[in-house]
Structure formats: C-alpha cells, structure tokens
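What's in query_19.txt: compact mmCIF, C-alpha atoms
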# COMPACT_ATOMS: atom_id res chain seq x y z
CA MET A 1 1.64 97.49 -72.76
CA LYS A 2 3.37 98.40 -69.51
CA LYS A 3 4.72 94.86 -69.21
CA THR A 4 5.96 94.87 -72.79
CA LEU A 5 7.67 98.22 -72.23
CA PHE A 6 9.75 97.13 -69.25
CA ALA A 7 10.78 93.94 -71.09
CA ILE A 8 11.99 95.99 -74.06
CA CYS A 9 13.86 98.38 -71.74
CA ALA A 10 15.55 95.48 -70.01
CA LEU A 11 16.57 94.03 -73.36
CA LEU A 12 18.04 97.38 -74.43
CA SER A 13 20.09 97.47 -71.22
CA PHE A 14 21.19 93.92 -71.95
CA PHE A 15 22.32 94.51 -75.50
CA THR A 16 23.92 97.93 -75.01
CA SER A 17 26.12 97.11 -72.02
CA SER A 18 28.68 94.55 -70.97
CA HIS A 19 26.66 91.87 -69.19
CA ALA A 20 29.24 89.24 -68.17
CA GLN A 21 28.96 90.33 -64.52
CA LYS A 22 25.39 91.64 -64.54
CA PHE A 23 22.07 90.26 -63.31
CA PHE A 24 18.43 90.99 -64.04
CA ASP A 25 16.69 91.46 -60.67
CA ILE A 26 12.93 91.07 -60.97
CA TYR A 27 10.85 93.00 -58.44
CA TYR A 28 7.29 92.56 -57.21
CA ASN A 29 5.72 94.59 -54.40
CA GLY A 30 9.09 96.11 -53.60
CA SER A 31 10.98 92.81 -53.17
CA ILE A 32 13.22 90.73 -55.42
CA VAL A 33 11.33 87.62 -56.52
CA SER A 34 14.01 86.27 -58.85
CA SER A 35 17.44 87.13 -60.20
CA VAL A 36 18.80 85.92 -63.54
CA ARG A 37 22.39 86.16 -64.76
CA ALA A 38 22.44 88.35 -67.85
CA ALA A 39 25.15 86.27 -69.52
CA ASP A 40 22.72 83.32 -69.62
CA VAL A 41 19.99 85.26 -71.46
CA ASP A 42 19.75 85.32 -75.25
CA SER A 43 16.30 86.94 -75.32
CA MET A 44 13.19 87.69 -73.28
CA VAL A 45 9.74 87.05 -74.74
CA ILE A 46 6.26 87.62 -73.35
CA SER A 47 3.78 84.87 -74.22
CA GLU A 48 0.39 83.52 -73.21
CA SER A 49 0.12 80.24 -71.25
CA ASN A 50 -2.50 78.32 -69.29
CA SER A 51 -1.29 80.12 -66.16
CA GLY A 52 -1.55 83.56 -67.77
CA ARG A 53 0.86 85.92 -69.51
CA THR A 54 4.47 84.97 -68.81
CA LEU A 55 7.86 86.60 -69.26
CA ASN A 56 10.21 83.94 -70.65
CA PHE A 57 14.00 84.00 -70.53
CA TYR A 58 15.62 82.07 -73.38
CA GLN A 59 19.06 80.50 -73.76
CA ASN A 60 20.03 78.58 -76.90
CA GLY A 61 16.39 78.48 -78.00
CA GLU A 62 15.07 77.02 -74.74
CA VAL A 63 13.15 78.64 -71.89
CA PHE A 64 15.23 78.31 -68.73
CA HIS A 65 13.32 80.75 -66.52
CA GLN A 66 9.85 82.28 -66.58
CA THR A 67 7.60 84.33 -64.37
CA LEU A 68 4.04 85.61 -64.59
CA THR A 69 3.97 89.23 -65.73
CA SER A 70 1.27 89.89 -63.13
CA ARG A 71 3.99 89.33 -60.51
CA VAL A 72 6.51 91.69 -62.07
CA ASP A 73 6.61 95.41 -61.31
CA SER A 74 10.06 96.17 -62.68
CA ILE A 75 13.40 94.73 -63.76
CA LYS A 76 16.64 96.21 -62.52
CA VAL A 77 20.04 95.51 -64.09
CA VAL A 78 22.69 95.25 -61.36
CA ASN A 79 26.40 94.50 -61.15
CA ILE A 80 27.62 91.67 -58.96
CA GLY A 81 29.52 94.10 -56.78
CA ASP A 82 26.40 96.19 -56.16
CA GLU A 83 24.33 93.41 -54.58
CA PRO A 84 26.54 90.42 -53.73
CA LEU A 85 23.74 88.73 -51.77
CA VAL A 86 21.83 87.82 -54.93
CA HIS A 87 24.60 87.49 -57.49
CA HIS A 88 24.11 83.75 -57.84
CA GLY A 89 20.53 84.16 -59.03
CA ILE A 90 17.34 83.39 -57.10
CA VAL A 91 13.81 82.23 -57.91
CA ASP A 92 10.59 82.72 -55.98
CA LEU A 93 8.36 79.67 -56.50
CA GLY A 94 5.52 81.13 -54.47
CA LEU A 95 5.98 78.52 -51.74
CA PRO A 96 4.12 78.97 -48.43
CA SER A 97 7.39 79.30 -46.50
CA GLY A 98 8.59 82.10 -48.78
CA THR A 99 11.80 80.17 -49.53
CA LEU A 100 13.85 81.61 -52.41
CA TRP A 101 15.87 79.00 -54.30
CA ALA A 102 19.20 79.55 -56.04
CA THR A 103 19.23 79.05 -59.80
CA CYS A 104 22.39 76.92 -59.84
CA ASN A 105 24.48 74.59 -57.69
CA ILE A 106 27.55 75.58 -55.72
CA GLY A 107 30.47 75.44 -58.13
CA ALA A 108 28.23 75.93 -61.19
CA ASN A 109 27.83 78.97 -63.41
CA ALA A 110 24.58 77.93 -65.11
CA PRO A 111 21.48 75.98 -63.99
CA GLU A 112 22.41 72.86 -65.96
CA GLU A 113 26.02 72.63 -64.75
CA TYR A 114 26.70 69.93 -62.16
CA GLY A 115 28.91 72.03 -59.92
CA ASP A 116 30.88 70.78 -56.94
CA TYR A 117 30.39 67.72 -54.70
CA PHE A 118 30.54 67.80 -50.89
CA ALA A 119 30.43 65.31 -48.06
CA TRP A 120 27.74 66.36 -45.59
CA GLY A 121 29.06 68.92 -43.11
CA GLU A 122 32.22 69.59 -45.11
CA THR A 123 32.79 72.92 -46.86
CA GLU A 124 35.64 71.95 -49.17
CA GLY A 125 34.56 69.66 -51.97
CA TYR A 126 35.85 67.89 -55.04
CA PHE A 127 36.87 71.17 -56.70
CA SER A 128 39.05 71.93 -53.66
CA GLY A 129 41.00 68.69 -54.01
CA LYS A 130 38.95 66.11 -52.11
CA THR A 131 39.07 63.06 -54.36
CA ASN A 132 37.95 60.29 -52.02
CA PHE A 133 34.52 60.33 -50.41
CA SER A 134 34.46 57.62 -47.77
CA TRP A 135 34.43 57.18 -43.99
CA ASP A 136 38.23 57.00 -44.12
CA THR A 137 38.38 60.64 -45.25
CA TYR A 138 35.24 62.05 -43.62
CA LYS A 139 35.86 65.07 -41.40
CA TRP A 140 33.40 64.25 -38.61
CA CYS A 141 34.43 60.70 -37.69
CA GLN A 142 37.48 58.68 -36.79
CA GLY A 143 37.53 56.43 -39.83
CA ALA A 144 34.21 54.59 -39.51
CA TYR A 145 30.45 55.28 -39.54
CA ASN A 146 30.16 54.45 -35.82
CA THR A 147 32.90 56.82 -34.64
CA LEU A 148 31.15 60.13 -35.32
CA THR A 149 32.61 63.16 -33.55
CA LYS A 150 29.86 65.71 -34.40
CA TYR A 151 26.17 65.67 -35.32
CA CYS A 152 25.16 62.52 -33.50
CA THR A 153 21.99 61.64 -31.58
CA ASP A 154 22.67 57.93 -30.96
CA SER A 155 25.65 56.58 -28.98
CA ARG A 156 25.82 53.54 -31.27
CA TYR A 157 27.24 55.89 -33.91
CA GLY A 158 29.67 57.96 -31.86
CA THR A 159 29.82 60.88 -29.45
CA VAL A 160 26.33 62.25 -28.81
CA ASP A 161 25.87 66.02 -29.12
CA ASN A 162 22.21 65.98 -30.30
CA LYS A 163 22.96 68.43 -33.10
CA THR A 164 20.52 67.81 -35.96
CA GLU A 165 21.25 70.79 -38.24
CA LEU A 166 24.58 71.99 -39.56
CA ASP A 167 26.30 74.87 -37.80
CA LEU A 168 27.03 77.82 -40.08
CA GLU A 169 30.74 77.00 -40.19
CA ASP A 170 29.89 73.54 -41.56
CA ASP A 171 27.28 74.72 -44.07
CA ALA A 172 28.74 74.57 -47.61
CA ALA A 173 26.39 77.27 -48.90
CA TYR A 174 27.13 79.72 -46.08
CA VAL A 175 30.89 79.20 -46.26
CA ASN A 176 31.22 79.22 -50.06
CA TRP A 177 28.60 81.84 -50.97
CA GLY A 178 28.54 83.93 -47.82
CA PRO A 179 25.89 85.28 -45.43
CA GLY A 180 22.43 85.20 -46.94
CA TRP A 181 22.79 81.62 -48.19
CA ARG A 182 22.25 78.25 -46.55
CA MET A 183 21.86 74.65 -47.50
CA PRO A 184 18.13 73.86 -47.52
CA SER A 185 16.52 72.00 -44.64
CA SER A 186 14.82 68.67 -45.26
CA SER A 187 11.44 70.39 -44.73
CA GLN A 188 12.31 72.90 -47.48
CA PHE A 189 13.02 70.01 -49.83
CA GLU A 190 9.70 68.40 -48.85
CA GLU A 191 7.93 71.65 -49.65
CA LEU A 192 9.80 72.00 -52.96
CA ILE A 193 8.45 68.71 -54.31
CA ASN A 194 4.99 68.90 -52.71
CA SER A 195 2.51 68.31 -55.52
CA ASN A 196 0.18 70.92 -54.01
CA TYR A 197 2.73 73.61 -54.84
CA THR A 198 4.87 72.39 -57.75
CA THR A 199 5.15 69.97 -60.62
CA THR A 200 8.38 68.10 -61.31
CA THR A 201 9.34 66.79 -64.74
CA TRP A 202 12.30 64.75 -65.95
CA THR A 203 13.67 66.69 -68.92
CA THR A 204 16.79 68.26 -70.43
CA LEU A 205 18.21 71.77 -70.34
CA ASN A 206 20.87 72.49 -72.94
CA GLY A 207 21.31 68.74 -73.38
CA VAL A 208 21.69 67.98 -69.66
CA TYR A 209 19.23 65.64 -67.94
CA GLY A 210 17.56 66.62 -64.71
CA ARG A 211 14.34 67.72 -63.02
CA MET A 212 12.43 70.90 -63.87
CA ILE A 213 10.43 72.00 -60.86
CA THR A 214 7.67 74.46 -61.73
CA SER A 215 5.47 76.43 -59.37
CA LYS A 216 1.72 75.93 -59.60
CA ARG A 217 1.28 79.36 -58.04
CA ASN A 218 3.32 81.70 -60.23
CA GLY A 219 4.78 79.63 -63.07
CA ASN A 220 8.41 80.15 -62.02
CA SER A 221 10.76 77.19 -62.22
CA ILE A 222 14.18 75.89 -61.26
CA PHE A 223 16.20 73.19 -62.98
CA LEU A 224 18.08 70.60 -60.94
CA PRO A 225 20.60 68.69 -63.07
CA ALA A 226 21.31 65.02 -62.39
CA PRO A 227 24.98 65.13 -61.35
CA GLY A 228 25.12 61.63 -59.85
CA GLY A 229 27.28 61.36 -56.75
CA ARG A 230 30.81 60.62 -55.61
CA HIS A 231 31.45 57.38 -53.74
CA GLU A 232 35.04 56.78 -52.68
CA ASP A 233 37.07 57.83 -55.74
CA SER A 234 34.35 57.37 -58.38
CA LEU A 235 31.60 59.49 -59.92
CA ILE A 236 28.51 57.31 -60.35
CA ASN A 237 25.19 57.70 -62.19
CA ALA A 238 25.90 61.18 -63.58
CA GLY A 239 23.16 62.03 -66.04
CA SER A 240 20.64 59.62 -64.55
CA ASP A 241 20.52 60.37 -60.80
CA GLY A 242 20.34 63.58 -58.80
CA SER A 243 21.39 63.78 -55.16
CA TYR A 244 21.39 66.99 -53.12
CA TRP A 245 22.28 67.41 -49.46
CA SER A 246 20.08 69.25 -47.00
CA ARG A 247 21.46 70.77 -43.81
CA THR A 248 19.47 68.27 -41.73
CA LEU A 249 20.74 65.09 -40.06
CA GLY A 250 19.03 61.84 -40.99
CA THR A 251 16.11 60.78 -38.81
CA SER A 252 16.83 57.04 -38.67
CA TYR A 253 20.61 56.84 -38.37
CA SER A 254 23.14 59.42 -37.21
CA SER A 255 25.47 58.17 -39.94
CA ASP A 256 22.99 59.43 -42.54
CA ALA A 257 21.97 62.93 -43.60
CA SER A 258 18.76 63.97 -45.32
CA GLY A 259 18.71 65.00 -48.95
CA LEU A 260 16.77 65.16 -52.18
CA PHE A 261 17.20 62.17 -54.49
CA PHE A 262 15.74 61.61 -57.94
CA ASN A 263 15.99 59.71 -61.21
CA PRO A 264 13.82 59.64 -64.34
CA TYR A 265 11.06 57.80 -62.46
CA ASN A 266 10.69 59.37 -59.03
CA ILE A 267 11.85 62.06 -56.64
CA ILE A 268 12.01 61.72 -52.84
CA VAL A 269 13.47 63.21 -49.69
CA GLY A 270 15.47 60.50 -47.95
CA GLY A 271 18.74 59.68 -46.22
CA ASP A 272 22.20 58.57 -47.29
CA SER A 273 25.67 58.12 -45.82
CA ARG A 274 27.16 61.47 -44.80
CA CYS A 275 30.58 60.65 -46.23
CA PHE A 276 29.41 60.51 -49.85
CA GLY A 277 29.84 63.46 -52.21
CA ARG A 278 26.58 65.16 -53.16
CA SER A 279 25.52 68.40 -54.85
CA VAL A 280 24.28 71.48 -52.98
CA ARG A 281 21.52 73.83 -54.20
CA PRO A 282 21.40 76.76 -51.75
CA VAL A 283 18.44 78.76 -50.50
CA ARG A 284 18.52 82.45 -49.72
CA ILE A 285 17.89 83.62 -46.17
CA THR A 286 17.55 87.07 -44.61
CA GLU A 287 19.96 87.95 -41.84

Please render this file's structure as structure tokens.
Amino acid sequence: MKKTLFAICALLSFFTSSHAQKFFDIYYNGSIVSSVRAADVDSMVISESNSGRTLNFYQNGEVFHQTLTSRVDSIKVVNIGDEPLVHHGIVDLGLPSGTLWATCNIGANAPEEYGDYFAWGETEGYFSGKTNFSWDTYKWCQGAYNTLTKYCTDSRYGTVDNKTELDLEDDAAYVNWGPGWRMPSSSQFEELINSNYTTTTWTTLNGVYGRMITSKRNGNSIFLPAPGGRHEDSLINAGSDGSYWSRTLGTSYSSDASGLFFNPYNIIVGGDSRCFGRSVRPVRITE
C-alpha cells in the first residue's frame, strides 16, 4: 500500500504541473538510484514480475524504465535548475562498482535517440559542425594514424606520453554535460555486459533498434540505440550496429580506442580507430 501511495502521489505531481523541465528522482536508502525525465513518462504502473513487484514507467505503451519497489523509498519531483548534476537521467543497475549510467546519449533527449557522434578524445562532434571523421581531420594527430600527438604508448604510432585514459578536457561527457559526468572506462563497459550482472537483448524502443540491458540484481534497465557510426563523411549501419566510445585507449594499438560494439547477434568490448565518429553514453561520478 505504501508503494502504491507514493506512485499515485508522483503521478498527481506529474499531471498537475508543467513537466517539460522536470525529473522524477527515485531514492533508496537516502541516495538517488535513478532519475527519469517527466516529459518521457505517460504513466507509472506497479506490476508483479519474476523478480518481484516492479514500478514501471511507460511511454507510448511501452515500458522504458523499471525498478523494484523494494528498492524505492520515495520519489521526488525536481526541476533541472535545482539539481543539474542529474538532469540527464540516471539508472542504478546494481552493479558491483556502483556505477550509475545515464539514460540517454550525449546530444539525445530520449533513450532511443541516437544523439551526437564524436571522434575519440574530441569534445565537439557532428552536431557542432564536424562532418568528416578521418585521420585527416583528427585532433590528436598530424594527418595519419602513426603521427599521434597525444595518448600514445608506442613510438610506432607517434609521440609517446603513456596516457591511457582521457584527460577531463578531452572527455566529451565532462565537457558537454559538466562535472559529475564522464565517458565510461572500458572496465565499466565490461561490467555492464557481464552476464553475471545483466542480460542484454536486441529489441526496439519506440520503433528504434538497439540493446536493452537489464540488471539481474534489481530489474532496472537502460536502452542503447544502434546509431551506427561516422566514417569520413558517411553515416554507416545506423539501425543495425551500435558503437560507443569509452575513455580508455586501446590495448593493442595506440591508434585505437576501446569501446562497446554490438549488432543483433553479439555485443563486445573491443577497439576501433580513434578518428571515427561514435556515440557516447556517460556515467555519473561523484566529485
């Protein structure tokens, strides 16, 4: 009854106020475990599942976010200006590291939107006017893969500085969303798709193909659309492939960076050329 009551109260707040710039912050044990943009929510429904009783957030007849009611103490409706750190929306998947994942990509306003594309280590992407993603235009080289000027551990690829993670000023999440956000590390991606902690399913959300990653621990989920990638001046494999940069340099070649890559058949953490345009799904950090 208590759980039903707070859901009804949250719905009343939703329907009786302007919600275009509001978020539902979900609290458990005094901390925010997820944050959902009110404008994306048509309704909230409590239902029974194999994992237990869940609070489901619906948009256009589909569940796009859920959490176990046993992990919800309260829901607070906030304005973006009140708590800018979380205004992009976050989800706690109950991962061992405690990592909180953003609900949408940089440049997107909803989980299924593709958002912007960035070369690795660059903070201005396609939406900022970069239309060619190649070594000729890459910020951290002199026109070729073997002339790297930053983030290099092998002299065959350029000037060695032994940097293997992006500095804050080169982190697209930190620069575009502000303190409290970072691009994920490769180890955070490995944890995200670890079958001990999550399941990953190729599906659609509001007609957009991608991967739904659902926690085995608390039932929460995030949707990663399949935005394809930008190579030179072309967008390729949108709707069939997903490619997301981490903040970590590749382990085999300094000309590569690590990322999350998937299609309808598999999902892996691997490496790809730093100059290509990929999506970014931030993680929240505490500073």

Please identify every residue of segment 33-110 of chain A that has at least one atom no farther than 9 Å from an atom of segment 181-200 of chain A, counting only C-alpha atoms, and for each give the shortest atom pair and the distance in Å to one decimal, arranged by chain then increasing number, as CSV.
residue,atom,partner,partner_atom,distance
A:Leu85,CA,A:Trp181,CA,8.0
A:Leu93,CA,A:Thr198,CA,8.2
A:Gly94,CA,A:Tyr197,CA,8.0
A:Leu95,CA,A:Tyr197,CA,6.7
A:Pro96,CA,A:Glu191,CA,8.3
A:Ser97,CA,A:Gln188,CA,8.1
A:Thr99,CA,A:Gln188,CA,7.6
A:Trp101,CA,A:Pro184,CA,8.8
A:Ala102,CA,A:Trp181,CA,8.9

Sorted by chain and rising residue number, list the residues of segment 66-163 of chain A at most 8 Å from segment 247-260 of chain A (counting only C-alpha atoms), each with its closest atom pair and distance in Å to one decimal, as a tab-separated table.
residue	atom	partner	partner_atom	distance
A:Trp120	CA	A:Ala257	CA	7.0
A:Gly121	CA	A:Arg247	CA	7.9
A:Tyr145	CA	A:Ser255	CA	5.8
A:Asn146	CA	A:Ser255	CA	7.3
A:Leu148	CA	A:Ser255	CA	7.6
A:Tyr151	CA	A:Ser254	CA	7.2
A:Cys152	CA	A:Ser254	CA	5.2
A:Thr153	CA	A:Ser254	CA	6.2
A:Asp154	CA	A:Ser254	CA	6.4
A:Tyr157	CA	A:Ser254	CA	6.3

Selection: 8 Å around Asp73 of chain A, all atoms listed in the file, excl. self and same-chain fewer than 6 positions, as a PyMOL selection string: chain A and resi 26-29

Polymer residues at most 8 Å from His65 of chain A, only C-alpha atoms, same-chain spacing of 2 or more positions, as number ranges by chain: A: 56-58, 63, 67, 220-222

Give me the residues within 12 Å of Thr137 of chain A as a count of residues only, counting all atoms listed in the file and dropping any in the same chain fewer than 3 places off. 21

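Rounded to one decimal, atom CA of Asp92 of chain A and atom CA of Ala238 of chain A lie 27.5 Å from each other.
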
So what do you get for atom CA of Ala172 of chain A versus atom CA of Gln66 of chain A, distance-wise? 27.9 Å

Hey, can I get the axis-aligned box for segment 252-269 of chain A? All listed atoms, 5 Å padding on each side, centre and edge lengths in Å to one decimal, as JSON.
{"center_x": 18.1, "center_y": 61.0, "center_z": -50.8, "size_x": 24.8, "size_y": 18.3, "size_z": 37.1}

Suppose you want the space between atom CA of Ala108 of chain A and atom CA of Thr201 of chain A; what is it in Å?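 These two atoms are separated by 21.3 Å.
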
Mind listing whatever residues come within 8 Å of the point (17.0, 91.6, -59.5)? Use only C-alpha atoms, file coordinates, and give them as a list in words. Phe23, Phe24, Asp25, Ile26, Tyr27, Ile32, Val33, Ser34, Ser35, Val36, Ile75, Lys76, Val77, Val78 and Val86 of chain A

Using only C-alpha atoms, can you tell me which of A:Leu68, A:Val45, A:Val91, A:Leu166 comes closest to Arg217 of chain A?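 Closest residue, counting only C-alpha atoms: A:Leu68.
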